[in-house]
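Data block for final.tsv (TSV, N, CA and C atoms):
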```
chain	number	residue	atom	x	y	z
A	1	MET	N	-5.16	28.08	9.49
A	1	MET	CA	-6.28	27.38	8.90
A	1	MET	C	-7.27	27.04	10.02
A	2	GLU	N	-8.52	27.28	9.76
A	2	GLU	CA	-9.57	26.99	10.73
A	2	GLU	C	-9.93	25.51	10.69
A	3	THR	N	-10.14	24.91	11.85
A	3	THR	CA	-10.49	23.50	11.94
A	3	THR	C	-12.00	23.35	12.00
A	4	LEU	N	-12.49	22.37	11.32
A	4	LEU	CA	-13.91	22.09	11.27
A	4	LEU	C	-14.12	20.63	11.59
A	5	GLN	N	-15.07	20.33	12.47
A	5	GLN	CA	-15.37	18.94	12.81
A	5	GLN	C	-16.82	18.67	12.45
A	6	LEU	N	-17.04	17.59	11.68
A	6	LEU	CA	-18.38	17.21	11.26
A	6	LEU	C	-18.67	15.79	11.69
A	7	ASN	N	-19.90	15.55	12.05
A	7	ASN	CA	-20.36	14.18	12.31
A	7	ASN	C	-21.38	13.84	11.24
A	8	ILE	N	-20.95	13.01	10.29
A	8	ILE	CA	-21.85	12.62	9.20
A	8	ILE	C	-21.75	11.11	8.99
A	9	GLU	N	-22.76	10.56	8.38
A	9	GLU	CA	-22.75	9.14	8.06
A	9	GLU	C	-21.89	8.89	6.83
A	10	LYS	N	-21.47	7.66	6.69
A	10	LYS	CA	-20.60	7.29	5.57
A	10	LYS	C	-21.25	7.63	4.23
A	11	ASN	N	-22.51	7.31	4.06
A	11	ASN	CA	-23.20	7.59	2.79
A	11	ASN	C	-23.25	9.09	2.50
A	12	GLN	N	-23.42	9.90	3.54
A	12	GLN	CA	-23.41	11.35	3.36
A	12	GLN	C	-22.03	11.81	2.89
A	13	PHE	N	-21.00	11.21	3.48
A	13	PHE	CA	-19.64	11.55	3.09
A	13	PHE	C	-19.39	11.23	1.61
A	14	PHE	N	-19.84	10.05	1.20
A	14	PHE	CA	-19.66	9.66	-0.20
A	14	PHE	C	-20.44	10.58	-1.13
A	15	SER	N	-21.59	11.01	-0.70
A	15	SER	CA	-22.37	11.96	-1.51
A	15	SER	C	-21.64	13.28	-1.63
A	16	LEU	N	-21.02	13.73	-0.55
A	16	LEU	CA	-20.24	14.97	-0.59
A	16	LEU	C	-19.05	14.84	-1.53
A	17	LEU	N	-18.43	13.67	-1.54
A	17	LEU	CA	-17.29	13.45	-2.44
A	17	LEU	C	-17.70	13.66	-3.90
A	18	GLN	N	-18.91	13.27	-4.23
A	18	GLN	CA	-19.37	13.39	-5.61
A	18	GLN	C	-19.50	14.85	-6.04
A	19	THR	N	-19.61	15.75	-5.08
A	19	THR	CA	-19.77	17.16	-5.42
A	19	THR	C	-18.43	17.87	-5.62
A	20	LEU	N	-17.34	17.20	-5.28
A	20	LEU	CA	-16.01	17.82	-5.42
A	20	LEU	C	-15.59	17.92	-6.88
A	21	SER	N	-14.72	18.88	-7.13
A	21	SER	CA	-14.14	19.00	-8.47
A	21	SER	C	-13.14	17.88	-8.68
A	22	VAL	N	-12.76	17.67	-9.92
A	22	VAL	CA	-11.77	16.63	-10.23
A	22	VAL	C	-10.46	16.92	-9.52
A	23	ALA	N	-10.05	18.17	-9.49
A	23	ALA	CA	-8.79	18.54	-8.83
A	23	ALA	C	-8.85	18.21	-7.34
A	24	ASP	N	-9.97	18.50	-6.69
A	24	ASP	CA	-10.11	18.19	-5.27
A	24	ASP	C	-10.14	16.68	-5.02
A	25	LYS	N	-10.79	15.94	-5.91
A	25	LYS	CA	-10.81	14.48	-5.78
A	25	LYS	C	-9.41	13.91	-5.93
A	26	LEU	N	-8.64	14.45	-6.87
A	26	LEU	CA	-7.27	13.98	-7.06
A	26	LEU	C	-6.41	14.30	-5.84
A	27	GLU	N	-6.62	15.47	-5.26
A	27	GLU	CA	-5.87	15.83	-4.06
A	27	GLU	C	-6.21	14.87	-2.92
A	28	MET	N	-7.48	14.58	-2.75
A	28	MET	CA	-7.90	13.65	-1.72
A	28	MET	C	-7.33	12.26	-2.00
A	29	TYR	N	-7.32	11.84	-3.25
A	29	TYR	CA	-6.76	10.55	-3.64
A	29	TYR	C	-5.29	10.46	-3.24
A	30	ARG	N	-4.52	11.52	-3.53
A	30	ARG	CA	-3.09	11.51	-3.21
A	30	ARG	C	-2.86	11.41	-1.70
A	31	VAL	N	-3.67	12.13	-0.93
A	31	VAL	CA	-3.53	12.08	0.53
A	31	VAL	C	-3.87	10.69	1.05
A	32	LEU	N	-4.96	10.11	0.56
A	32	LEU	CA	-5.36	8.77	1.00
A	32	LEU	C	-4.34	7.72	0.57
A	33	LYS	N	-3.84	7.85	-0.65
A	33	LYS	CA	-2.85	6.90	-1.16
A	33	LYS	C	-1.60	6.90	-0.28
A	34	LYS	N	-1.14	8.08	0.08
A	34	LYS	CA	0.04	8.19	0.94
A	34	LYS	C	-0.22	7.59	2.31
A	35	SER	N	-1.39	7.86	2.86
A	35	SER	CA	-1.76	7.33	4.16
A	35	SER	C	-1.85	5.81	4.12
A	36	LEU	N	-2.48	5.28	3.07
A	36	LEU	CA	-2.63	3.83	2.95
A	36	LEU	C	-1.28	3.14	2.77
A	37	LEU	N	-0.40	3.75	2.00
A	37	LEU	CA	0.93	3.17	1.79
A	37	LEU	C	1.67	3.07	3.11
A	38	CYS	N	1.59	4.12	3.92
A	38	CYS	CA	2.25	4.09	5.22
A	38	CYS	C	1.68	2.98	6.09
A	39	ASP	N	0.36	2.85	6.09
A	39	ASP	CA	-0.29	1.79	6.88
A	39	ASP	C	0.12	0.41	6.38
A	40	GLN	N	0.16	0.23	5.07
A	40	GLN	CA	0.53	-1.07	4.51
A	40	GLN	C	1.96	-1.43	4.84
A	41	MET	N	2.85	-0.47	4.77
A	41	MET	CA	4.26	-0.75	5.09
A	41	MET	C	4.40	-1.08	6.58
A	42	GLU	N	3.68	-0.37	7.43
A	42	GLU	CA	3.74	-0.65	8.85
A	42	GLU	C	3.21	-2.06	9.13
A	43	ASN	N	2.12	-2.44	8.49
A	43	ASN	CA	1.57	-3.79	8.66
A	43	ASN	C	2.56	-4.84	8.19
A	44	LEU	N	3.22	-4.59	7.06
A	44	LEU	CA	4.20	-5.54	6.55
A	44	LEU	C	5.35	-5.71	7.53
A	45	LEU	N	5.85	-4.61	8.03
A	45	LEU	CA	6.96	-4.69	8.98
A	45	LEU	C	6.53	-5.39	10.27
A	46	ASN	N	5.30	-5.16	10.69
A	46	ASN	CA	4.80	-5.84	11.89
A	46	ASN	C	4.69	-7.34	11.67
A	47	THR	N	4.29	-7.76	10.48
A	47	THR	CA	4.19	-9.19	10.23
A	47	THR	C	5.56	-9.83	10.16
A	48	LEU	N	6.54	-9.08	9.76
A	48	LEU	CA	7.90	-9.60	9.73
A	48	LEU	C	8.54	-9.56	11.11
A	49	GLU	N	7.87	-8.88	12.05
A	49	GLU	CA	8.37	-8.72	13.41
A	49	GLU	C	9.76	-8.11	13.44
A	50	SER	N	9.99	-7.21	12.51
A	50	SER	CA	11.27	-6.52	12.44
A	50	SER	C	11.08	-5.25	11.66
A	51	ASN	N	11.86	-4.25	11.98
A	51	ASN	CA	11.82	-3.01	11.21
A	51	ASN	C	12.89	-2.99	10.13
A	52	GLU	N	13.57	-4.10	9.96
A	52	GLU	CA	14.63	-4.16	8.96
A	52	GLU	C	14.48	-5.41	8.10
A	53	LEU	N	14.66	-5.22	6.83
A	53	LEU	CA	14.78	-6.36	5.93
A	53	LEU	C	16.27	-6.57	5.71
A	54	MET	N	16.73	-7.77	5.96
A	54	MET	CA	18.15	-8.03	5.81
A	54	MET	C	18.42	-8.51	4.39
A	55	MET	N	19.51	-8.07	3.83
A	55	MET	CA	19.88	-8.42	2.47
A	55	MET	C	19.99	-9.93	2.31
A	56	GLU	N	20.46	-10.61	3.32
A	56	GLU	CA	20.59	-12.06	3.25
A	56	GLU	C	19.21	-12.72	3.09
A	57	ASP	N	18.21	-12.22	3.80
A	57	ASP	CA	16.85	-12.77	3.68
A	57	ASP	C	16.30	-12.53	2.28
A	58	ILE	N	16.52	-11.34	1.75
A	58	ILE	CA	16.05	-11.02	0.40
A	58	ILE	C	16.72	-11.92	-0.62
A	59	THR	N	18.03	-12.10	-0.48
A	59	THR	CA	18.79	-12.94	-1.40
A	59	THR	C	18.32	-14.40	-1.33
A	60	ASP	N	18.10	-14.89	-0.12
A	60	ASP	CA	17.61	-16.27	0.05
A	60	ASP	C	16.26	-16.47	-0.63
A	61	THR	N	15.37	-15.51	-0.44
A	61	THR	CA	14.04	-15.60	-1.05
A	61	THR	C	14.13	-15.57	-2.57
A	62	LEU	N	14.95	-14.67	-3.09
A	62	LEU	CA	15.13	-14.60	-4.55
A	62	LEU	C	15.70	-15.90	-5.10
A	63	GLU	N	16.64	-16.47	-4.39
A	63	GLU	CA	17.24	-17.72	-4.84
A	63	GLU	C	16.21	-18.85	-4.85
A	64	GLU	N	15.34	-18.89	-3.84
A	64	GLU	CA	14.28	-19.90	-3.80
A	64	GLU	C	13.35	-19.75	-5.02
A	65	VAL	N	12.99	-18.52	-5.33
A	65	VAL	CA	12.10	-18.27	-6.47
A	65	VAL	C	12.79	-18.67	-7.77
A	66	ARG	N	14.06	-18.34	-7.89
A	66	ARG	CA	14.81	-18.70	-9.11
A	66	ARG	C	14.88	-20.22	-9.28
A	67	GLN	N	15.15	-20.93	-8.18
A	67	GLN	CA	15.23	-22.38	-8.25
A	67	GLN	C	13.89	-22.98	-8.64
A	68	GLU	N	12.79	-22.47	-8.08
A	68	GLU	CA	11.46	-22.97	-8.41
A	68	GLU	C	11.13	-22.71	-9.88
A	69	ARG	N	11.49	-21.54	-10.36
A	69	ARG	CA	11.25	-21.23	-11.78
A	69	ARG	C	12.09	-22.13	-12.69
A	70	TYR	N	13.32	-22.41	-12.27
A	70	TYR	CA	14.17	-23.28	-13.07
A	70	TYR	C	13.58	-24.68	-13.15
A	71	LYS	N	13.08	-25.18	-11.99
A	71	LYS	CA	12.48	-26.51	-11.97
A	71	LYS	C	11.24	-26.61	-12.87
A	72	THR	N	10.46	-25.54	-12.91
A	72	THR	CA	9.22	-25.56	-13.68
A	72	THR	C	9.42	-25.07	-15.11
A	73	GLY	N	10.65	-24.71	-15.45
A	73	GLY	CA	10.94	-24.26	-16.82
A	73	GLY	C	10.45	-22.85	-17.12
A	74	LYS	N	10.34	-22.03	-16.09
A	74	LYS	CA	9.85	-20.67	-16.29
A	74	LYS	C	10.99	-19.65	-16.15
A	75	GLN	N	12.10	-19.94	-16.81
A	75	GLN	CA	13.22	-19.02	-16.75
A	75	GLN	C	12.99	-17.89	-17.76
A	76	TYR	N	13.41	-16.71	-17.40
A	76	TYR	CA	13.33	-15.56	-18.31
A	76	TYR	C	14.74	-15.04	-18.53
A	77	VAL	N	15.04	-14.77	-19.79
A	77	VAL	CA	16.37	-14.28	-20.13
A	77	VAL	C	16.34	-12.79	-20.24
```

Would you write out, as structure tokens, the structure that this file holds?
Amino acid sequence: METLQLNIEKNQFFSLLQTLSVADKLEMYRVLKKSLLCDQMENLLNTLESNELMMEDITDTLEEVRQERYKTGKQYV
């Protein structure tokens, strides 16, 4: 595949997007969605200062939420 490099302004880029077919827009959407998900997960892990979520932490958090819901009468069966 040949590589192409363009220097365009953001508004020009958005205008070019409007000329794409629906299939091409969907393909671009899937690529961006995957990229954003990876970035979001990396940011989340960085804020936790760990690359691992421990089951004990998850269980503790769930128990806190359950207790708060019980106190406020927002239990779901």

Enter the distance from CA of Lys33 in chain A to CA of Asn7 in chain A, in Å, rounded to one decimal.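 Calculated distance between CA of Lys33 in chain A and CA of Asn7 in chain A is 23.3 Å.
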
If you run DSSP over the backbone, which residues in chain A end up helix (DSSP H, G or I)? Put them as a VMD selection string. chain A and resid 10 to 18 22 to 48 55 to 72

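Relative to CA of Leu36 in chain A, atom C of Val65 in chain A is found at 29.3 Å.
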
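The gap separating CA of Met28 in chain A from atom N of Phe14 in chain A is 12.8 Å, in Å to one decimal.
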